[in-house]
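Peer 1: For reference, the file protein_33.txt (compact mmCIF, N, CA and C atoms and all ligand atoms) is included below:
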# COMPACT_ATOMS: atom_id res chain seq x y z
N MET J 1 4.46 -22.69 10.57
CA MET J 1 4.87 -21.55 9.77
C MET J 1 3.64 -20.73 9.39
N ALA J 2 3.75 -19.45 9.57
CA ALA J 2 2.65 -18.56 9.25
C ALA J 2 3.13 -17.51 8.26
N ASN J 3 2.30 -17.21 7.28
CA ASN J 3 2.58 -16.10 6.37
C ASN J 3 1.86 -14.88 6.92
N VAL J 4 2.62 -13.84 7.14
CA VAL J 4 2.03 -12.60 7.63
C VAL J 4 2.29 -11.52 6.59
N THR J 5 1.22 -11.01 6.01
CA THR J 5 1.35 -9.97 4.99
C THR J 5 1.01 -8.63 5.62
N PHE J 6 1.92 -7.68 5.47
CA PHE J 6 1.71 -6.33 5.99
C PHE J 6 1.35 -5.41 4.83
N SER J 7 0.35 -4.57 5.06
CA SER J 7 -0.10 -3.66 4.02
C SER J 7 -0.41 -2.30 4.65
N SER J 8 0.05 -1.25 3.99
CA SER J 8 -0.19 0.10 4.51
C SER J 8 0.02 1.11 3.40
N PRO J 9 -0.71 2.22 3.45
CA PRO J 9 -0.47 3.27 2.46
C PRO J 9 0.94 3.87 2.56
N VAL J 10 1.61 3.68 3.69
CA VAL J 10 2.96 4.24 3.83
C VAL J 10 4.03 3.32 3.26
N MET J 11 3.64 2.14 2.78
CA MET J 11 4.61 1.20 2.19
C MET J 11 4.38 1.16 0.67
N PRO J 12 5.46 1.09 -0.11
CA PRO J 12 5.30 1.06 -1.57
C PRO J 12 4.57 -0.19 -2.07
N ARG J 13 4.66 -1.27 -1.33
CA ARG J 13 3.98 -2.51 -1.71
C ARG J 13 3.75 -3.35 -0.46
N ASP J 14 2.86 -4.33 -0.59
CA ASP J 14 2.63 -5.25 0.52
C ASP J 14 3.87 -6.12 0.71
N ILE J 15 4.12 -6.51 1.93
CA ILE J 15 5.27 -7.36 2.23
C ILE J 15 4.78 -8.57 3.02
N THR J 16 5.13 -9.76 2.53
CA THR J 16 4.78 -10.99 3.23
C THR J 16 6.04 -11.57 3.87
N VAL J 17 5.94 -11.86 5.15
CA VAL J 17 7.06 -12.46 5.86
C VAL J 17 6.58 -13.78 6.47
N TYR J 18 7.51 -14.62 6.79
CA TYR J 18 7.20 -15.92 7.37
C TYR J 18 7.60 -15.91 8.83
N ALA J 19 6.75 -16.46 9.63
CA ALA J 19 7.03 -16.49 11.06
C ALA J 19 6.80 -17.90 11.58
N VAL J 20 7.57 -18.25 12.57
CA VAL J 20 7.39 -19.54 13.22
C VAL J 20 6.35 -19.37 14.31
N ALA J 21 5.24 -20.03 14.12
CA ALA J 21 4.18 -19.94 15.11
C ALA J 21 4.63 -20.59 16.40
N GLY J 22 4.17 -20.05 17.50
CA GLY J 22 4.50 -20.63 18.80
C GLY J 22 5.79 -20.09 19.39
N SER J 23 6.47 -19.19 18.67
CA SER J 23 7.72 -18.66 19.19
C SER J 23 7.47 -17.40 20.04
N ARG J 24 6.21 -17.09 20.28
CA ARG J 24 5.81 -15.96 21.12
C ARG J 24 6.35 -14.64 20.58
N VAL J 25 6.28 -14.50 19.25
CA VAL J 25 6.67 -13.25 18.60
C VAL J 25 5.42 -12.41 18.41
N THR J 26 5.51 -11.13 18.76
CA THR J 26 4.36 -10.26 18.52
C THR J 26 4.41 -9.74 17.08
N LEU J 27 3.26 -9.27 16.61
CA LEU J 27 3.22 -8.68 15.27
C LEU J 27 4.17 -7.50 15.19
N LEU J 28 4.25 -6.73 16.27
CA LEU J 28 5.13 -5.55 16.25
C LEU J 28 6.60 -5.96 16.14
N SER J 29 7.02 -6.94 16.91
CA SER J 29 8.43 -7.33 16.83
C SER J 29 8.74 -7.98 15.49
N LEU J 30 7.78 -8.73 14.94
CA LEU J 30 7.98 -9.30 13.60
C LEU J 30 8.12 -8.18 12.57
N ALA J 31 7.25 -7.18 12.67
CA ALA J 31 7.32 -6.04 11.74
C ALA J 31 8.65 -5.31 11.88
N LYS J 32 9.05 -5.06 13.09
CA LYS J 32 10.32 -4.34 13.31
C LYS J 32 11.50 -5.11 12.73
N SER J 33 11.49 -6.41 12.89
CA SER J 33 12.62 -7.20 12.40
C SER J 33 12.69 -7.20 10.87
N HIS J 34 11.61 -6.79 10.22
CA HIS J 34 11.60 -6.69 8.74
C HIS J 34 11.47 -5.24 8.29
N LYS J 35 11.73 -4.32 9.19
CA LYS J 35 11.71 -2.88 8.88
C LYS J 35 10.36 -2.41 8.32
N ILE J 36 9.31 -2.99 8.84
CA ILE J 36 7.95 -2.58 8.46
C ILE J 36 7.50 -1.54 9.48
N PRO J 37 7.13 -0.34 8.98
CA PRO J 37 6.97 0.81 9.89
C PRO J 37 5.63 0.92 10.61
N ILE J 38 5.28 -0.08 11.39
CA ILE J 38 4.09 0.06 12.23
C ILE J 38 4.41 1.08 13.32
N PRO J 39 3.59 2.13 13.44
CA PRO J 39 3.85 3.11 14.49
C PRO J 39 3.80 2.45 15.87
N CYS J 40 4.63 2.91 16.76
CA CYS J 40 4.59 2.37 18.12
C CYS J 40 5.20 3.39 19.07
N ASP J 41 4.75 3.34 20.28
CA ASP J 41 5.29 4.25 21.29
C ASP J 41 5.67 3.44 22.52
N CYS J 42 4.67 3.05 23.31
CA CYS J 42 4.96 2.41 24.60
C CYS J 42 5.47 0.97 24.45
N GLN J 43 5.03 0.28 23.42
CA GLN J 43 5.34 -1.14 23.19
C GLN J 43 4.92 -2.02 24.36
N ASP J 44 3.91 -1.54 25.09
CA ASP J 44 3.46 -2.27 26.26
C ASP J 44 1.93 -2.31 26.38
N GLY J 45 1.24 -2.07 25.26
CA GLY J 45 -0.21 -2.20 25.28
C GLY J 45 -0.95 -1.08 25.98
N GLU J 46 -0.35 0.09 26.06
CA GLU J 46 -1.01 1.18 26.78
C GLU J 46 -1.38 2.38 25.92
N CYS J 47 -0.64 2.66 24.84
CA CYS J 47 -0.87 3.91 24.12
C CYS J 47 -1.81 3.76 22.93
N GLY J 48 -1.89 2.60 22.34
CA GLY J 48 -2.77 2.37 21.19
C GLY J 48 -2.19 2.79 19.87
N SER J 49 -0.95 3.27 19.85
CA SER J 49 -0.38 3.76 18.58
C SER J 49 -0.11 2.64 17.58
N CYS J 50 -0.03 1.42 18.04
CA CYS J 50 0.32 0.30 17.15
C CYS J 50 -0.92 -0.45 16.65
N ILE J 51 -2.05 0.22 16.64
CA ILE J 51 -3.28 -0.48 16.25
C ILE J 51 -3.21 -0.95 14.80
N VAL J 52 -3.65 -2.17 14.58
CA VAL J 52 -3.67 -2.78 13.24
C VAL J 52 -5.00 -3.51 13.06
N GLU J 53 -5.32 -3.78 11.81
CA GLU J 53 -6.47 -4.63 11.52
C GLU J 53 -5.93 -5.97 11.04
N VAL J 54 -6.47 -7.04 11.57
CA VAL J 54 -5.99 -8.37 11.23
C VAL J 54 -7.10 -9.17 10.55
N LYS J 55 -6.79 -9.67 9.35
CA LYS J 55 -7.74 -10.53 8.64
C LYS J 55 -7.08 -11.87 8.40
N ASN J 56 -7.86 -12.91 8.62
CA ASN J 56 -7.36 -14.26 8.40
C ASN J 56 -7.52 -14.62 6.93
N TYR J 57 -6.44 -15.00 6.28
CA TYR J 57 -6.45 -15.31 4.85
C TYR J 57 -7.07 -16.66 4.52
N THR J 58 -6.82 -17.63 5.37
CA THR J 58 -7.09 -19.00 4.97
C THR J 58 -8.30 -19.66 5.61
N LYS J 59 -8.80 -19.08 6.68
CA LYS J 59 -9.88 -19.76 7.38
C LYS J 59 -11.14 -18.91 7.36
N ASN J 60 -12.25 -19.55 7.42
CA ASN J 60 -13.51 -18.83 7.56
C ASN J 60 -13.81 -18.54 9.02
N THR J 61 -13.15 -19.28 9.90
CA THR J 61 -13.37 -19.06 11.32
C THR J 61 -12.08 -18.62 11.99
N ARG J 62 -12.19 -17.81 13.01
CA ARG J 62 -11.03 -17.36 13.76
C ARG J 62 -10.78 -18.31 14.92
N ASP J 63 -9.50 -18.51 15.23
CA ASP J 63 -9.18 -19.29 16.42
C ASP J 63 -9.39 -18.41 17.65
N GLY J 64 -9.81 -19.05 18.73
CA GLY J 64 -10.03 -18.31 19.96
C GLY J 64 -8.74 -17.81 20.56
N VAL J 65 -8.81 -16.65 21.16
CA VAL J 65 -7.67 -16.08 21.87
C VAL J 65 -8.22 -15.11 22.91
N THR J 66 -7.59 -15.09 24.06
CA THR J 66 -8.03 -14.17 25.10
C THR J 66 -7.15 -12.93 25.08
N LEU J 67 -7.76 -11.77 24.94
CA LEU J 67 -7.01 -10.53 24.99
C LEU J 67 -6.66 -10.20 26.44
N THR J 68 -5.54 -9.54 26.62
CA THR J 68 -5.23 -9.05 27.97
C THR J 68 -6.21 -7.94 28.31
N ASN J 69 -6.42 -7.71 29.59
CA ASN J 69 -7.30 -6.61 30.01
C ASN J 69 -6.79 -5.28 29.47
N LYS J 70 -5.47 -5.13 29.45
CA LYS J 70 -4.87 -3.89 28.97
C LYS J 70 -5.24 -3.65 27.51
N GLU J 71 -5.08 -4.66 26.66
CA GLU J 71 -5.40 -4.49 25.24
C GLU J 71 -6.89 -4.23 25.05
N ARG J 72 -7.70 -4.97 25.77
CA ARG J 72 -9.15 -4.81 25.66
C ARG J 72 -9.55 -3.38 26.02
N GLU J 73 -9.00 -2.84 27.10
CA GLU J 73 -9.34 -1.49 27.53
C GLU J 73 -8.91 -0.44 26.51
N VAL J 74 -7.71 -0.59 25.96
CA VAL J 74 -7.23 0.39 24.98
C VAL J 74 -8.10 0.34 23.73
N LEU J 75 -8.44 -0.85 23.26
CA LEU J 75 -9.30 -0.97 22.07
C LEU J 75 -10.68 -0.36 22.33
N LEU J 76 -11.19 -0.57 23.54
CA LEU J 76 -12.48 0.04 23.89
C LEU J 76 -12.38 1.56 23.90
N GLN J 77 -11.31 2.08 24.49
CA GLN J 77 -11.13 3.54 24.54
C GLN J 77 -11.03 4.14 23.14
N LEU J 78 -10.42 3.39 22.23
CA LEU J 78 -10.27 3.88 20.85
C LEU J 78 -11.51 3.64 20.00
N GLY J 79 -12.50 2.97 20.56
CA GLY J 79 -13.72 2.67 19.81
C GLY J 79 -13.51 1.66 18.71
N LYS J 80 -12.58 0.75 18.90
CA LYS J 80 -12.23 -0.22 17.86
C LYS J 80 -12.81 -1.61 18.10
N ILE J 81 -13.75 -1.72 19.03
CA ILE J 81 -14.43 -2.99 19.25
C ILE J 81 -15.93 -2.76 19.12
N THR J 82 -16.58 -3.53 18.28
CA THR J 82 -18.03 -3.39 18.12
C THR J 82 -18.74 -4.20 19.21
N LYS J 83 -20.05 -3.95 19.37
CA LYS J 83 -20.83 -4.73 20.33
C LYS J 83 -20.80 -6.21 19.99
N GLU J 84 -20.87 -6.50 18.70
CA GLU J 84 -20.82 -7.90 18.25
C GLU J 84 -19.49 -8.55 18.64
N GLU J 85 -18.39 -7.79 18.45
CA GLU J 85 -17.08 -8.33 18.80
C GLU J 85 -16.95 -8.52 20.31
N LEU J 86 -17.53 -7.61 21.08
CA LEU J 86 -17.51 -7.77 22.54
C LEU J 86 -18.21 -9.06 22.94
N LYS J 87 -19.33 -9.33 22.29
CA LYS J 87 -20.08 -10.56 22.58
C LYS J 87 -19.25 -11.78 22.18
N ASP J 88 -18.64 -11.73 21.00
CA ASP J 88 -17.81 -12.86 20.55
C ASP J 88 -16.63 -13.08 21.49
N MET J 89 -16.05 -11.97 21.99
CA MET J 89 -14.92 -12.09 22.91
C MET J 89 -15.37 -12.74 24.21
N ALA J 90 -16.51 -12.30 24.73
CA ALA J 90 -16.99 -12.80 26.02
C ALA J 90 -17.43 -14.26 25.94
N CYS J 91 -18.11 -14.61 24.86
CA CYS J 91 -18.70 -15.95 24.76
C CYS J 91 -17.77 -16.98 24.14
N HIS J 92 -16.93 -16.56 23.19
CA HIS J 92 -16.15 -17.53 22.42
C HIS J 92 -14.65 -17.24 22.37
N ASP J 93 -14.20 -16.23 23.10
CA ASP J 93 -12.79 -15.82 23.06
C ASP J 93 -12.33 -15.48 21.64
N LEU J 94 -13.24 -15.01 20.80
CA LEU J 94 -12.84 -14.65 19.44
C LEU J 94 -12.26 -13.24 19.45
N PRO J 95 -11.11 -13.08 18.83
CA PRO J 95 -10.46 -11.77 18.84
C PRO J 95 -11.21 -10.77 17.96
N PRO J 96 -11.17 -9.49 18.31
CA PRO J 96 -11.78 -8.47 17.45
C PRO J 96 -10.93 -8.26 16.20
N ARG J 97 -11.50 -7.54 15.26
CA ARG J 97 -10.81 -7.25 14.00
C ARG J 97 -9.55 -6.41 14.24
N HIS J 98 -9.63 -5.46 15.14
CA HIS J 98 -8.48 -4.61 15.44
C HIS J 98 -7.72 -5.17 16.63
N ARG J 99 -6.41 -5.06 16.53
CA ARG J 99 -5.54 -5.54 17.60
C ARG J 99 -4.43 -4.53 17.83
N LEU J 100 -3.77 -4.68 18.96
CA LEU J 100 -2.56 -3.91 19.21
C LEU J 100 -1.39 -4.79 18.78
N ALA J 101 -0.59 -4.31 17.84
CA ALA J 101 0.50 -5.14 17.30
C ALA J 101 1.49 -5.55 18.38
N CYS J 102 1.64 -4.72 19.40
CA CYS J 102 2.61 -5.07 20.46
C CYS J 102 2.06 -6.12 21.41
N GLN J 103 0.78 -6.44 21.30
CA GLN J 103 0.16 -7.43 22.19
C GLN J 103 -0.29 -8.69 21.45
N CYS J 104 -0.28 -8.64 20.14
CA CYS J 104 -0.83 -9.73 19.32
C CYS J 104 0.27 -10.71 18.94
N LEU J 105 0.17 -11.92 19.42
CA LEU J 105 1.17 -12.94 19.10
C LEU J 105 0.87 -13.58 17.75
N VAL J 106 1.93 -13.88 17.01
CA VAL J 106 1.79 -14.57 15.74
C VAL J 106 1.42 -16.02 16.03
N ARG J 107 0.40 -16.49 15.32
CA ARG J 107 -0.04 -17.87 15.52
C ARG J 107 0.07 -18.61 14.20
N ASN J 108 -0.30 -19.85 14.21
CA ASN J 108 -0.15 -20.67 13.01
C ASN J 108 -1.31 -20.42 12.05
N GLU J 109 -1.37 -19.22 11.52
CA GLU J 109 -2.41 -18.87 10.57
C GLU J 109 -1.87 -17.77 9.66
N ASP J 110 -2.33 -17.80 8.41
CA ASP J 110 -1.92 -16.79 7.45
C ASP J 110 -2.83 -15.59 7.60
N ILE J 111 -2.22 -14.43 7.81
CA ILE J 111 -3.03 -13.24 8.08
C ILE J 111 -2.57 -12.05 7.24
N LEU J 112 -3.50 -11.13 7.06
CA LEU J 112 -3.21 -9.83 6.45
C LEU J 112 -3.30 -8.79 7.56
N VAL J 113 -2.24 -8.03 7.72
CA VAL J 113 -2.18 -7.00 8.77
C VAL J 113 -2.13 -5.64 8.08
N THR J 114 -3.14 -4.82 8.29
CA THR J 114 -3.14 -3.49 7.68
C THR J 114 -3.03 -2.44 8.77
N PHE J 115 -2.36 -1.37 8.43
CA PHE J 115 -2.22 -0.26 9.36
C PHE J 115 -2.10 1.03 8.59
N GLU J 116 -2.46 2.12 9.26
CA GLU J 116 -2.46 3.43 8.59
C GLU J 116 -1.05 4.00 8.50
N GLY J 117 -0.34 3.96 9.60
CA GLY J 117 0.99 4.55 9.60
C GLY J 117 0.94 6.05 9.59
N ASP J 118 2.10 6.66 9.54
CA ASP J 118 2.19 8.11 9.53
C ASP J 118 2.43 8.57 8.10
N THR J 119 1.38 9.06 7.46
CA THR J 119 1.49 9.45 6.05
C THR J 119 2.17 10.80 5.88
N THR J 120 2.53 11.46 7.00
CA THR J 120 3.23 12.74 6.87
C THR J 120 4.73 12.55 6.72
N LEU J 121 5.21 11.29 6.94
CA LEU J 121 6.64 11.03 6.79
C LEU J 121 7.00 11.03 5.31
N PRO J 122 8.23 11.43 4.99
CA PRO J 122 8.63 11.44 3.58
C PRO J 122 8.73 10.06 2.99
FE1 LIG E 1 1.63 1.35 22.68
FE2 LIG E 1 1.33 -0.94 21.28
S1 LIG E 1 2.95 0.51 21.16
S2 LIG E 1 -0.06 -0.01 22.65
Can you present the structure in this file as structure tokens?

Peer 2:
Amino acid sequence: MANVTFSSPVMPRDITVYAVAGSRVTLLSLAKSHKIPIPCDCQDGECGSCIVEVKNYTKNTRDGVTLTNKEREVLLQLGKITKEELKDMACHDLPPRHRLACQCLVRNEDILVTFEGDTTLP
């Protein structure tokens, strides 16, 4: 069981939901099932509209994960991966701070997911 807290200026308050780790649920599908308005377009790791920042609540170390080439390329194009994160990804499979919600699977860890959203919506 993982606690996933979503936070955004477009939401009146933070929302924490529970997810079953290992069920291959993406952050985007988890958000959608709880009506959390993470922007999305392609839902296939190509447009970058679903970019989020992920912070681990409970651990000082991140678990290793390999990003798909598609996600890695989009994050690079958006300038959302630092040189340090590139090194961590290459050497230790450590995920960068920013992820694409449609590509990021929920794992057995408590995380804070922040996103900007569309602040022009009513
Ligand atoms: Fe397009 Fe996630 S919705 S990259």

Peer 1: Looking at only C-alpha atoms and all ligand atoms, which of J:Cys47, J:Ile38, J:Leu75, J:Ile81 is the one that sits closest to ligand LIG 1 (chain E)?

Peer 2: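 Counting only C-alpha atoms and all ligand atoms, the residue closest to ligand LIG 1 (chain E) is J:Cys47.
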
Peer 1: Please, what distance in Å, to one decimal, runs between CA of Arg97 (chain J) and CA of Val25 (chain J)?

Peer 2: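 CA of Val25 (chain J) lies at a distance of 19.0 Å from CA of Arg97 (chain J).
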
Peer 1: List every residue of chain J that has an atom at most 10 Å from any atom of ligand LIG 1 (chain E), and for each one report the closest atom pair and its distance in Å to one decimal, counting only C-alpha atoms and all ligand atoms, with rows sorted by chain and then by increasing residue number, as JSON lines.

Peer 2:
{"residue": "J:Leu27", "atom": "CA", "partner": "E:LIG1", "partner_atom": "FE2", "distance": 10.0}
{"residue": "J:Leu28", "atom": "CA", "partner": "E:LIG1", "partner_atom": "FE2", "distance": 7.8}
{"residue": "J:Ile38", "atom": "CA", "partner": "E:LIG1", "partner_atom": "S1", "distance": 9.0}
{"residue": "J:Pro39", "atom": "CA", "partner": "E:LIG1", "partner_atom": "S1", "distance": 7.2}
{"residue": "J:Cys40", "atom": "CA", "partner": "E:LIG1", "partner_atom": "S1", "distance": 3.9}
{"residue": "J:Asp41", "atom": "CA", "partner": "E:LIG1", "partner_atom": "S1", "distance": 4.4}
{"residue": "J:Cys42", "atom": "CA", "partner": "E:LIG1", "partner_atom": "FE1", "distance": 4.0}
{"residue": "J:Gln43", "atom": "CA", "partner": "E:LIG1", "partner_atom": "S1", "distance": 3.5}
{"residue": "J:Asp44", "atom": "CA", "partner": "E:LIG1", "partner_atom": "FE1", "distance": 5.4}
{"residue": "J:Gly45", "atom": "CA", "partner": "E:LIG1", "partner_atom": "S2", "distance": 3.4}
{"residue": "J:Glu46", "atom": "CA", "partner": "E:LIG1", "partner_atom": "S2", "distance": 4.4}
{"residue": "J:Cys47", "atom": "CA", "partner": "E:LIG1", "partner_atom": "FE1", "distance": 3.9}
{"residue": "J:Gly48", "atom": "CA", "partner": "E:LIG1", "partner_atom": "S2", "distance": 3.9}
{"residue": "J:Ser49", "atom": "CA", "partner": "E:LIG1", "partner_atom": "FE1", "distance": 5.2}
{"residue": "J:Cys50", "atom": "CA", "partner": "E:LIG1", "partner_atom": "FE2", "distance": 4.4}
{"residue": "J:Ile51", "atom": "CA", "partner": "E:LIG1", "partner_atom": "FE2", "distance": 6.8}
{"residue": "J:Val52", "atom": "CA", "partner": "E:LIG1", "partner_atom": "FE2", "distance": 9.6}
{"residue": "J:Lys70", "atom": "CA", "partner": "E:LIG1", "partner_atom": "S2", "distance": 8.8}
{"residue": "J:Glu71", "atom": "CA", "partner": "E:LIG1", "partner_atom": "S2", "distance": 7.4}
{"residue": "J:Val74", "atom": "CA", "partner": "E:LIG1", "partner_atom": "S2", "distance": 7.5}
{"residue": "J:Leu75", "atom": "CA", "partner": "E:LIG1", "partner_atom": "S2", "distance": 9.3}
{"residue": "J:Arg99", "atom": "CA", "partner": "E:LIG1", "partner_atom": "FE2", "distance": 9.0}
{"residue": "J:Leu100", "atom": "CA", "partner": "E:LIG1", "partner_atom": "FE2", "distance": 5.3}
{"residue": "J:Ala101", "atom": "CA", "partner": "E:LIG1", "partner_atom": "FE2", "distance": 5.8}
{"residue": "J:Cys102", "atom": "CA", "partner": "E:LIG1", "partner_atom": "FE2", "distance": 4.4}
{"residue": "J:Gln103", "atom": "CA", "partner": "E:LIG1", "partner_atom": "FE2", "distance": 6.7}
{"residue": "J:Cys104", "atom": "CA", "partner": "E:LIG1", "partner_atom": "FE2", "distance": 9.3}

Peer 1: For Met11 (chain J), list every protein, DNA or RNA residue within 8 Å, evaluated using all atoms listed in the file, and leave out those in the same chain fewer than 4 positions away; present the list as JSON, numbers by chain.

Peer 2: {"J": [6, 7, 15, 37, 116, 117]}

Peer 1: With distances taken over only C-alpha atoms, which of J:Ser8, J:Pro95, J:Arg72, J:Lys83 is nearest to Val113 (chain J)?

Peer 2: J:Ser8

Peer 1: Can you tell me, as a ChimeraX atom specification, what residues are no more than 7 Å from Ser23 (chain J) when counting all atoms listed in the file, ignoring any on the same chain fewer than 3 positions away?

Peer 2: /J:20,26,106

Peer 1: Could you pull out the strand (DSSP E) residues of chain J, going by DSSP on the backbone, and write them as a PyMOL selection string?

Peer 2: chain J and resi 2-7+15-19+51-56+98-100+111-114

Peer 1: Would you mind listing what lies within 7 Å of Leu94 (chain J) as a tab-separated table (two decimals) with N, CA and C atoms, in the coordinates of the input, with only N, CA and C atoms counted and same-chain residues fewer than 5 positions away left out?

Peer 2:
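Contents of result_32.tsv, freshly written:
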chain	number	residue	atom	x	y	z
J	62	ARG	N	-12.19	-17.81	13.01
J	62	ARG	CA	-11.03	-17.36	13.76
J	62	ARG	C	-10.78	-18.31	14.92
J	63	ASP	N	-9.50	-18.51	15.23
J	63	ASP	CA	-9.18	-19.29	16.42
J	63	ASP	C	-9.39	-18.41	17.65
J	64	GLY	N	-9.81	-19.05	18.73
J	64	GLY	CA	-10.03	-18.31	19.96
J	64	GLY	C	-8.74	-17.81	20.56
J	65	VAL	N	-8.81	-16.65	21.16
J	65	VAL	CA	-7.67	-16.08	21.87
J	65	VAL	C	-8.22	-15.11	22.91
J	66	THR	N	-7.59	-15.09	24.06
J	66	THR	CA	-8.03	-14.17	25.10
J	66	THR	C	-7.15	-12.93	25.08
J	85	GLU	N	-18.39	-7.79	18.45
J	85	GLU	CA	-17.08	-8.33	18.80
J	85	GLU	C	-16.95	-8.52	20.31
J	87	LYS	N	-19.33	-9.33	22.29
J	87	LYS	CA	-20.08	-10.56	22.58
J	87	LYS	C	-19.25	-11.78	22.18
J	88	ASP	N	-18.64	-11.73	21.00
J	88	ASP	CA	-17.81	-12.86	20.55
J	88	ASP	C	-16.63	-13.08	21.49
J	89	MET	N	-16.05	-11.97	21.99
J	89	MET	CA	-14.92	-12.09	22.91
J	89	MET	C	-15.37	-12.74	24.21

Peer 1: Report, in Å with one decimal, the straight-line distance from CA of Lys55 (chain J) to atom C of His98 (chain J).

Peer 2: 9.6 Å

Peer 1: Write down as a VMD selection string the residues of chain J whose backbone DSSP state falls under alpha helix (DSSP H).

Peer 2: chain J and resid 27 to 33 69 to 77 83 to 92

Peer 1: Write out, as a compact mmCIF listing (two decimals), in the coordinates of the input, the residues just selected, with N, CA and C atoms.

Peer 2:
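Contents of selection18.txt, as written:
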# COMPACT_ATOMS: atom_id res chain seq x y z
N LEU J 27 3.26 -9.27 16.61
CA LEU J 27 3.22 -8.68 15.27
C LEU J 27 4.17 -7.50 15.19
N LEU J 28 4.25 -6.73 16.27
CA LEU J 28 5.13 -5.55 16.25
C LEU J 28 6.60 -5.96 16.14
N SER J 29 7.02 -6.94 16.91
CA SER J 29 8.43 -7.33 16.83
C SER J 29 8.74 -7.98 15.49
N LEU J 30 7.78 -8.73 14.94
CA LEU J 30 7.98 -9.30 13.60
C LEU J 30 8.12 -8.18 12.57
N ALA J 31 7.25 -7.18 12.67
CA ALA J 31 7.32 -6.04 11.74
C ALA J 31 8.65 -5.31 11.88
N LYS J 32 9.05 -5.06 13.09
CA LYS J 32 10.32 -4.34 13.31
C LYS J 32 11.50 -5.11 12.73
N SER J 33 11.49 -6.41 12.89
CA SER J 33 12.62 -7.20 12.40
C SER J 33 12.69 -7.20 10.87
N ASN J 69 -6.42 -7.71 29.59
CA ASN J 69 -7.30 -6.61 30.01
C ASN J 69 -6.79 -5.28 29.47
N LYS J 70 -5.47 -5.13 29.45
CA LYS J 70 -4.87 -3.89 28.97
C LYS J 70 -5.24 -3.65 27.51
N GLU J 71 -5.08 -4.66 26.66
CA GLU J 71 -5.40 -4.49 25.24
C GLU J 71 -6.89 -4.23 25.05
N ARG J 72 -7.70 -4.97 25.77
CA ARG J 72 -9.15 -4.81 25.66
C ARG J 72 -9.55 -3.38 26.02
N GLU J 73 -9.00 -2.84 27.10
CA GLU J 73 -9.34 -1.49 27.53
C GLU J 73 -8.91 -0.44 26.51
N VAL J 74 -7.71 -0.59 25.96
CA VAL J 74 -7.23 0.39 24.98
C VAL J 74 -8.10 0.34 23.73
N LEU J 75 -8.44 -0.85 23.26
CA LEU J 75 -9.30 -0.97 22.07
C LEU J 75 -10.68 -0.36 22.33
N LEU J 76 -11.19 -0.57 23.54
CA LEU J 76 -12.48 0.04 23.89
C LEU J 76 -12.38 1.56 23.90
N GLN J 77 -11.31 2.08 24.49
CA GLN J 77 -11.13 3.54 24.54
C GLN J 77 -11.03 4.14 23.14
N LYS J 83 -20.05 -3.95 19.37
CA LYS J 83 -20.83 -4.73 20.33
C LYS J 83 -20.80 -6.21 19.99
N GLU J 84 -20.87 -6.50 18.70
CA GLU J 84 -20.82 -7.90 18.25
C GLU J 84 -19.49 -8.55 18.64
N GLU J 85 -18.39 -7.79 18.45
CA GLU J 85 -17.08 -8.33 18.80
C GLU J 85 -16.95 -8.52 20.31
N LEU J 86 -17.53 -7.61 21.08
CA LEU J 86 -17.51 -7.77 22.54
C LEU J 86 -18.21 -9.06 22.94
N LYS J 87 -19.33 -9.33 22.29
CA LYS J 87 -20.08 -10.56 22.58
C LYS J 87 -19.25 -11.78 22.18
N ASP J 88 -18.64 -11.73 21.00
CA ASP J 88 -17.81 -12.86 20.55
C ASP J 88 -16.63 -13.08 21.49
N MET J 89 -16.05 -11.97 21.99
CA MET J 89 -14.92 -12.09 22.91
C MET J 89 -15.37 -12.74 24.21
N ALA J 90 -16.51 -12.30 24.73
CA ALA J 90 -16.99 -12.80 26.02
C ALA J 90 -17.43 -14.26 25.94
N CYS J 91 -18.11 -14.61 24.86
CA CYS J 91 -18.70 -15.95 24.76
C CYS J 91 -17.77 -16.98 24.14
N HIS J 92 -16.93 -16.56 23.19
CA HIS J 92 -16.15 -17.53 22.42
C HIS J 92 -14.65 -17.24 22.37

Peer 1: J:Asp110, J:Leu76, J:Tyr57, J:Leu67: which is nearest Val17 (chain J), counting only C-alpha atoms?

Peer 2: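 Once distances to Val17 (chain J) are computed over only C-alpha atoms, the minimum belongs to J:Asp110.
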
Peer 1: Between J:Thr68, J:Thr82, J:Ser33, J:Thr58, which has the minimum distance to Ile111 (chain J) (counting only N, CA and C atoms)?

Peer 2: J:Thr58

Peer 1: Measure the distance from CA of His34 (chain J) to atom C of Asn56 (chain J) in Å and round it to one decimal.

Peer 2: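 Value for the CA of His34 (chain J)-atom C of Asn56 (chain J) distance: 20.8 Å.
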